[in-house]
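As structure tokens, the structure follows; a few thoughts come after it.
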Number of protein chains: 4
Amino acid sequence: MVQIDKTSSKPYYEQLALSIKQEIVLGILQAGDQLPSVREMAKQLLMNPNTVSKTYKLLEQEQVLVTIKGKGTYVKDRQDLPRDELRIMQIKEQFKEVVINAYQLEVSTKELQQWLESITNEVGGN
Amino acid sequence: MVQIDKTSSKPYYEQLALSIKQEIVLGILQAGDQLPSVREMAKQLLMNPNTVSKTYKLLEQEQVLVTIKGKGTYVKDRQDLPRDELRIMQIKEQFKEVVINAYQLEVSTKELQQWLESITNEVGGN
Amino acid sequence: MVQIDKTSSKPYYEQLALSIKQEIVLGILQAGDQLPSVREMAKQLLMNPNTVSKTYKLLEQEQVLVTIKGKGTYVKDRQDLPRDELRIMQIKEQFKEVVINAYQLEVSTKELQQWLESITNEVGGN
Amino acid sequence: MVQIDKTSSKPYYEQLALSIKQEIVLGILQAGDQLPSVREMAKQLLMNPNTVSKTYKLLEQEQVLVTIKGKGTYVKDRQDLPRDELRIMQIKEQFKEVVINAYQLEVSTKELQQWLESITNEVGGN
DNA sequence: GTGGTCTAGACCACG
DNA sequence: GTGGTCTAGACCACG
């Protein structure tokens, strides 16, 4: 499932974090599900365990995962969390940047709306 | 006008490239306009000429600017260029990634549409 | 192996790029082979690491090398890539220019054919 | 006829020199023909007269043109000149470089032979 | 005056 | 240990 592109300039831990988020949005991973252990995940992806560990810690900080020492790492239930407006603002900045780049490449607003729609259909946003 | 955030983790040359693209999309910079020389821009932004030069070269590669050696650097006329479908695919990937991150933060599709609309109003996309 | 002529007017980074391409065509460097690190190569050739880095980036752009950050730079497998017809057109222009210069110097078509043949024998083109 | 690309990274004087050589190989300009004066050529091409002058001097050095002070610049009769083997060796080096670049782009030897043929047909090499 | 090349060397992220 | 970014500053070609 999860795939890491070793030639990408994007760091492994970011690629992995994105993959995990994607699986959550897609519903493949659901609140309460346990993730493979750091060692197990590292073996599967041929990565260094330190890198997997870094990813898990990053996603814990982002309130996406929760680690229970001695037990494992789980998908956090977002139900009880308030929206993280700070991070949303950051994403909004990134969104704006991407849109400007698209306009620069002569992508029309209409196309952008279609992109958004097709992604929504694919991953089933809220 | 152009502003560089020296505390951002985004490299200066990327920040500057984005700023210039933004000014083009906004119409502040138009096809044929000359940009400040590498040295002049560097002085204005308190950065090293090499860094500005790197930005200009990046934007040349992206067909946004042209430079005439010994003369200066200019905004390219996009009129005659075909759409760069390869780069559009890359931007689409980035767009998808940002949208997934937004969904992860419980931003709704409706909000994303509003973001898109407000950016369009601001920069006047096509 | 690789040799840089410090008295040539051709920039070091272009000389180095040509040398690397030549070794690939000759089969000395093969798909997947790791190149010396930027620092190592710089030490060997008595040049600045920045210059070697520039060469590696140029060849990455040209899809000849790939670099994995933190790991190293490798010869790319061309197998999966389509022919880059745009760059081929550019090379064809250069080829025409050189041939015209040769004709100007009264080199005959027959001689040019022999040049081509001897290069093919030397580097084993396809 | 002669066209200068102001956005090319190739210097104007080299572009102009190539154009003139091309016209000679094509027979548009023949031995003994007078070229436009430096000022006239500069006006036609919207160039600086110094640049045209530099081109003429370059081609004089290469034995392509000859300037008679107070009269004008003429296409030299190559009849009586021995082949310039030194410059031919330099062109051969350039030829080799272009061929290696072509091989790197997976152009076959056969294609290169066809390129050569079509150029010969176009400009009528010897 | 303009951009291009190159050196010398610092600091950083990644793994 | 690896490549990426950035500074500071030199010298050069072009026009």
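The chains in the structure tokens are called A, B, ... from first to last as shown; in each chain the residues are counted from 1, and the ligands are counted from 1 in the order shown.
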Can I have chain A aligned to chain B? Use a least-squares fit on all Cα atoms paired in order and write it out as an mmCIF file with C-alpha atoms, in the first residue's frame.
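Output saved as result-v4.cif:
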data_model
loop_
_atom_site.group_PDB
_atom_site.id
_atom_site.type_symbol
_atom_site.label_atom_id
_atom_site.label_comp_id
_atom_site.auth_asym_id
_atom_site.auth_seq_id
_atom_site.Cartn_x
_atom_site.Cartn_y
_atom_site.Cartn_z
ATOM 1 C CA MET A 1 6.667 45.125 -2.089
ATOM 2 C CA VAL A 2 8.413 41.770 -2.193
ATOM 3 C CA GLN A 3 8.997 40.513 1.327
ATOM 4 C CA ILE A 4 11.355 37.762 2.448
ATOM 5 C CA ASP A 5 10.810 35.968 5.740
ATOM 6 C CA LYS A 6 14.266 35.067 6.975
ATOM 7 C CA THR A 7 12.942 32.719 9.624
ATOM 8 C CA SER A 8 10.812 30.692 7.256
ATOM 9 C CA SER A 9 12.019 27.210 6.486
ATOM 10 C CA LYS A 10 11.262 27.904 2.848
ATOM 11 C CA PRO A 11 14.473 28.847 1.040
ATOM 12 C CA TYR A 12 14.868 32.478 0.076
ATOM 13 C CA TYR A 13 15.018 31.685 -3.631
ATOM 14 C CA GLU A 14 11.668 29.910 -3.466
ATOM 15 C CA GLN A 15 10.087 32.745 -1.535
ATOM 16 C CA LEU A 16 11.359 35.236 -4.048
ATOM 17 C CA ALA A 17 10.230 33.134 -7.013
ATOM 18 C CA LEU A 18 6.760 32.874 -5.523
ATOM 19 C CA SER A 19 6.620 36.624 -4.959
ATOM 20 C CA ILE A 20 7.546 37.354 -8.543
ATOM 21 C CA LYS A 21 4.987 34.884 -9.865
ATOM 22 C CA GLN A 22 2.399 36.443 -7.629
ATOM 23 C CA GLU A 23 3.123 39.899 -9.003
ATOM 24 C CA ILE A 24 2.770 38.564 -12.512
ATOM 25 C CA VAL A 25 -0.551 36.903 -11.783
ATOM 26 C CA LEU A 26 -1.675 40.127 -10.112
ATOM 27 C CA GLY A 27 -0.647 42.107 -13.168
ATOM 28 C CA ILE A 28 1.846 44.243 -11.262
ATOM 29 C CA LEU A 29 4.496 42.787 -13.503
ATOM 30 C CA GLN A 30 3.511 42.361 -17.126
ATOM 31 C CA ALA A 31 4.961 40.686 -20.178
ATOM 32 C CA GLY A 32 7.982 42.636 -21.354
ATOM 33 C CA ASP A 33 8.545 44.443 -18.036
ATOM 34 C CA GLN A 34 12.141 44.563 -16.907
ATOM 35 C CA LEU A 35 13.029 43.292 -13.465
ATOM 36 C CA PRO A 36 15.572 44.986 -11.239
ATOM 37 C CA SER A 37 19.081 43.764 -11.904
ATOM 38 C CA VAL A 38 20.395 40.956 -9.739
ATOM 39 C CA ARG A 39 22.548 43.388 -7.777
ATOM 40 C CA GLU A 40 19.760 45.925 -7.385
ATOM 41 C CA MET A 41 17.223 43.336 -6.239
ATOM 42 C CA ALA A 42 19.752 41.865 -3.823
ATOM 43 C CA LYS A 43 20.392 45.299 -2.328
ATOM 44 C CA GLN A 44 16.679 45.981 -1.908
ATOM 45 C CA LEU A 45 16.006 42.647 -0.202
ATOM 46 C CA LEU A 46 19.231 42.473 1.770
ATOM 47 C CA MET A 47 19.987 39.183 0.120
ATOM 48 C CA ASN A 48 23.033 37.641 -1.424
ATOM 49 C CA PRO A 49 23.191 38.381 -5.185
ATOM 50 C CA ASN A 50 23.834 34.684 -5.780
ATOM 51 C CA THR A 51 20.428 33.920 -4.330
ATOM 52 C CA VAL A 52 18.665 36.415 -6.579
ATOM 53 C CA SER A 53 20.561 35.042 -9.522
ATOM 54 C CA LYS A 54 19.458 31.534 -8.631
ATOM 55 C CA THR A 55 15.840 32.708 -8.522
ATOM 56 C CA TYR A 56 16.033 34.364 -11.931
ATOM 57 C CA LYS A 57 17.583 31.237 -13.412
ATOM 58 C CA LEU A 58 14.878 29.076 -11.876
ATOM 59 C CA LEU A 59 12.156 31.273 -13.351
ATOM 60 C CA GLU A 60 13.892 31.222 -16.711
ATOM 61 C CA GLN A 61 13.789 27.454 -16.631
ATOM 62 C CA GLU A 62 10.112 27.702 -15.807
ATOM 63 C CA GLN A 63 9.660 29.996 -18.835
ATOM 64 C CA VAL A 64 8.457 32.827 -16.610
ATOM 65 C CA LEU A 65 11.382 35.161 -17.197
ATOM 66 C CA VAL A 66 13.844 35.623 -19.983
ATOM 67 C CA THR A 67 17.321 37.075 -19.627
ATOM 68 C CA ILE A 68 19.025 38.918 -22.417
ATOM 69 C CA LYS A 69 22.743 38.987 -21.735
ATOM 70 C CA GLY A 70 24.068 42.475 -21.247
ATOM 71 C CA LYS A 71 20.562 43.930 -21.189
ATOM 72 C CA GLY A 72 18.585 42.550 -18.295
ATOM 73 C CA THR A 73 15.860 40.197 -17.171
ATOM 74 C CA TYR A 74 12.291 40.498 -18.450
ATOM 75 C CA VAL A 75 8.887 38.977 -17.869
ATOM 76 C CA LYS A 76 8.295 36.553 -20.669
ATOM 77 C CA ASP A 77 5.271 36.742 -22.898
ATOM 78 C CA ARG A 78 3.403 33.522 -22.299
ATOM 79 C CA GLN A 79 1.211 34.068 -25.353
ATOM 80 C CA ASP A 80 3.268 31.927 -27.663
ATOM 81 C CA LEU A 81 4.038 29.143 -25.230
ATOM 82 C CA PRO A 82 2.126 25.874 -25.071
ATOM 83 C CA ARG A 83 0.875 24.902 -21.637
ATOM 84 C CA ASP A 84 3.516 23.004 -19.717
ATOM 85 C CA GLU A 85 1.474 19.914 -18.976
ATOM 86 C CA LEU A 86 4.305 18.231 -17.097
ATOM 87 C CA ARG A 87 4.557 21.010 -14.554
ATOM 88 C CA ILE A 88 0.794 21.225 -14.358
ATOM 89 C CA MET A 89 0.694 17.577 -13.314
ATOM 90 C CA GLN A 90 3.208 18.320 -10.573
ATOM 91 C CA ILE A 91 1.142 21.236 -9.335
ATOM 92 C CA LYS A 92 -1.904 19.011 -9.382
ATOM 93 C CA GLU A 93 -0.090 16.583 -7.082
ATOM 94 C CA GLN A 94 0.731 19.418 -4.695
ATOM 95 C CA PHE A 95 -2.844 20.603 -4.882
ATOM 96 C CA LYS A 96 -4.088 17.150 -3.951
ATOM 97 C CA GLU A 97 -1.682 16.987 -1.029
ATOM 98 C CA VAL A 98 -2.852 20.315 0.335
ATOM 99 C CA VAL A 99 -6.486 19.327 -0.046
ATOM 100 C CA ILE A 100 -5.898 16.069 1.832
ATOM 101 C CA ASN A 101 -4.209 17.974 4.620
ATOM 102 C CA ALA A 102 -7.184 20.326 4.735
ATOM 103 C CA TYR A 103 -9.666 17.442 4.895
ATOM 104 C CA GLN A 104 -7.585 15.950 7.680
ATOM 105 C CA LEU A 105 -8.110 19.218 9.560
ATOM 106 C CA GLU A 106 -11.842 18.986 8.976
ATOM 107 C CA VAL A 107 -12.032 21.736 6.423
ATOM 108 C CA SER A 108 -15.109 21.074 4.299
ATOM 109 C CA THR A 109 -15.233 20.962 0.525
ATOM 110 C CA LYS A 110 -17.420 24.011 0.639
ATOM 111 C CA GLU A 111 -14.802 25.970 2.534
ATOM 112 C CA LEU A 112 -12.171 24.910 0.032
ATOM 113 C CA GLN A 113 -14.354 26.197 -2.781
ATOM 114 C CA GLN A 114 -14.651 29.488 -0.933
ATOM 115 C CA TRP A 115 -10.901 29.677 -0.453
ATOM 116 C CA LEU A 116 -10.459 29.154 -4.166
ATOM 117 C CA GLU A 117 -13.015 31.822 -4.944
ATOM 118 C CA SER A 118 -11.478 34.406 -2.672
ATOM 119 C CA ILE A 119 -8.024 33.808 -4.108
ATOM 120 C CA THR A 120 -9.448 34.168 -7.591
ATOM 121 C CA ASN A 121 -11.036 37.444 -6.625
ATOM 122 C CA GLU A 122 -7.821 38.654 -5.087
ATOM 123 C CA VAL A 123 -5.396 37.794 -7.859
ATOM 124 C CA GLY A 124 -7.851 37.551 -10.713
ATOM 125 C CA GLY A 125 -7.171 34.094 -12.150
ATOM 126 C CA ASN A 126 -8.301 33.137 -15.598
#
Per residue of chain E within 10 Å of chain B, what are the shortest atom pair and its distance in Å to one decimal, counting only C-alpha atoms (C1' of nucleotides), with rows by chain and residue number, as a tab-separated table?
residue	atom	partner	partner_atom	distance
E:DG1	C1'	B:Gly70	CA	7.6
E:DT2	C1'	B:Gly70	CA	3.8
E:DG3	C1'	B:Lys69	CA	5.2
E:DG4	C1'	B:Lys69	CA	8.5
All alpha helix (DSSP H) residues (DSSP, backbone) inside region 10-121 of chain A, as a PDB file with C-alpha atoms, in the first residue's frame:
ATOM      1  CA  TYR A  12      10.865  10.074   3.514  1.00  0.00           C
ATOM      2  CA  TYR A  13       9.194  11.060   6.774  1.00  0.00           C
ATOM      3  CA  GLU A  14       7.004  13.585   4.978  1.00  0.00           C
ATOM      4  CA  GLN A  15       6.071  11.097   2.294  1.00  0.00           C
ATOM      5  CA  LEU A  16       5.148   8.550   4.901  1.00  0.00           C
ATOM      6  CA  ALA A  17       3.158  11.064   6.952  1.00  0.00           C
ATOM      7  CA  LEU A  18       1.213  12.063   3.862  1.00  0.00           C
ATOM      8  CA  SER A  19       0.491   8.431   3.030  1.00  0.00           C
ATOM      9  CA  ILE A  20      -0.857   7.746   6.488  1.00  0.00           C
ATOM     10  CA  LYS A  21      -3.035  10.852   6.418  1.00  0.00           C
ATOM     11  CA  GLN A  22      -4.310   9.824   3.034  1.00  0.00           C
ATOM     12  CA  GLU A  23      -5.299   6.399   4.318  1.00  0.00           C
ATOM     13  CA  ILE A  24      -7.139   8.019   7.184  1.00  0.00           C
ATOM     14  CA  VAL A  25      -9.031  10.388   4.919  1.00  0.00           C
ATOM     15  CA  LEU A  26      -9.829   7.430   2.669  1.00  0.00           C
ATOM     16  CA  VAL A  38       8.020   1.199  14.093  1.00  0.00           C
ATOM     17  CA  ARG A  39      10.220  -1.815  13.410  1.00  0.00           C
ATOM     18  CA  GLU A  40       7.560  -3.613  11.398  1.00  0.00           C
ATOM     19  CA  MET A  41       6.750  -0.567   9.272  1.00  0.00           C
ATOM     20  CA  ALA A  42      10.447   0.069   8.701  1.00  0.00           C
ATOM     21  CA  LYS A  43      10.930  -3.512   7.527  1.00  0.00           C
ATOM     22  CA  GLN A  44       7.987  -3.291   5.136  1.00  0.00           C
ATOM     23  CA  LEU A  45       9.166  -0.020   3.592  1.00  0.00           C
ATOM     24  CA  PRO A  49      13.346   2.691  11.948  1.00  0.00           C
ATOM     25  CA  ASN A  50      14.445   6.150  13.072  1.00  0.00           C
ATOM     26  CA  THR A  51      12.653   7.623  10.087  1.00  0.00           C
ATOM     27  CA  VAL A  52       9.416   5.797  10.850  1.00  0.00           C
ATOM     28  CA  SER A  53       9.707   6.863  14.444  1.00  0.00           C
ATOM     29  CA  LYS A  54      10.145  10.465  13.368  1.00  0.00           C
ATOM     30  CA  THR A  55       6.992  10.207  11.253  1.00  0.00           C
ATOM     31  CA  TYR A  56       4.919   8.794  14.102  1.00  0.00           C
ATOM     32  CA  LYS A  57       6.139  11.541  16.412  1.00  0.00           C
ATOM     33  CA  LEU A  58       5.299  14.187  13.836  1.00  0.00           C
ATOM     34  CA  LEU A  59       1.775  12.830  13.457  1.00  0.00           C
ATOM     35  CA  GLU A  60       1.391  12.687  17.217  1.00  0.00           C
ATOM     36  CA  GLN A  61       2.267  16.350  17.378  1.00  0.00           C
ATOM     37  CA  GLU A  85      -7.118  26.819  13.334  1.00  0.00           C
ATOM     38  CA  LEU A  86      -3.413  27.624  13.393  1.00  0.00           C
ATOM     39  CA  ARG A  87      -2.522  24.700  11.178  1.00  0.00           C
ATOM     40  CA  ILE A  88      -5.514  25.399   8.985  1.00  0.00           C
ATOM     41  CA  MET A  89      -4.148  28.880   8.327  1.00  0.00           C
ATOM     42  CA  GLN A  90      -0.828  27.356   7.309  1.00  0.00           C
ATOM     43  CA  ILE A  91      -2.544  24.956   4.942  1.00  0.00           C
ATOM     44  CA  LYS A  92      -4.493  27.857   3.521  1.00  0.00           C
ATOM     45  CA  GLU A  93      -1.204  29.603   2.737  1.00  0.00           C
ATOM     46  CA  GLN A  94       0.050  26.494   0.954  1.00  0.00           C
ATOM     47  CA  PHE A  95      -3.230  26.237  -0.889  1.00  0.00           C
ATOM     48  CA  LYS A  96      -2.899  29.816  -2.078  1.00  0.00           C
ATOM     49  CA  GLU A  97       0.651  29.183  -3.239  1.00  0.00           C
ATOM     50  CA  VAL A  98      -0.373  26.157  -5.263  1.00  0.00           C
ATOM     51  CA  VAL A  99      -3.276  28.029  -6.811  1.00  0.00           C
ATOM     52  CA  ILE A 100      -1.003  30.906  -7.832  1.00  0.00           C
ATOM     53  CA  ASN A 101       1.393  28.457  -9.419  1.00  0.00           C
ATOM     54  CA  ALA A 102      -1.523  26.902 -11.283  1.00  0.00           C
ATOM     55  CA  TYR A 103      -2.744  30.289 -12.528  1.00  0.00           C
ATOM     56  CA  GLN A 104       0.793  31.029 -13.648  1.00  0.00           C
ATOM     57  CA  THR A 109     -10.442  28.549 -12.091  1.00  0.00           C
ATOM     58  CA  LYS A 110     -12.891  26.128 -13.586  1.00  0.00           C
ATOM     59  CA  GLU A 111     -10.235  23.461 -13.929  1.00  0.00           C
ATOM     60  CA  LEU A 112      -9.190  24.015 -10.336  1.00  0.00           C
ATOM     61  CA  GLN A 113     -12.774  23.499  -9.233  1.00  0.00           C
ATOM     62  CA  GLN A 114     -12.824  20.261 -11.195  1.00  0.00           C
ATOM     63  CA  TRP A 115      -9.580  19.128  -9.608  1.00  0.00           C
ATOM     64  CA  LEU A 116     -11.083  19.782  -6.207  1.00  0.00           C
ATOM     65  CA  GLU A 117     -14.216  17.881  -7.120  1.00  0.00           C
ATOM     66  CA  SER A 118     -12.383  14.849  -8.404  1.00  0.00           C
ATOM     67  CA  ILE A 119     -10.214  14.680  -5.304  1.00  0.00           C
ATOM     68  CA  THR A 120     -13.318  14.922  -3.161  1.00  0.00           C
ATOM     69  CA  ASN A 121     -14.882  12.075  -5.069  1.00  0.00           C
TER      70      ASN A 121
END
Those of region 8-111 of chain A in DSSP strand (DSSP E or B), formatted as a PyMOL selection string: chain A and resi 34+65-68+72-75
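For the pair C1' of DG9 (chain F) and C1' of DA13 (chain E), the interatomic distance is 26.9 Å.
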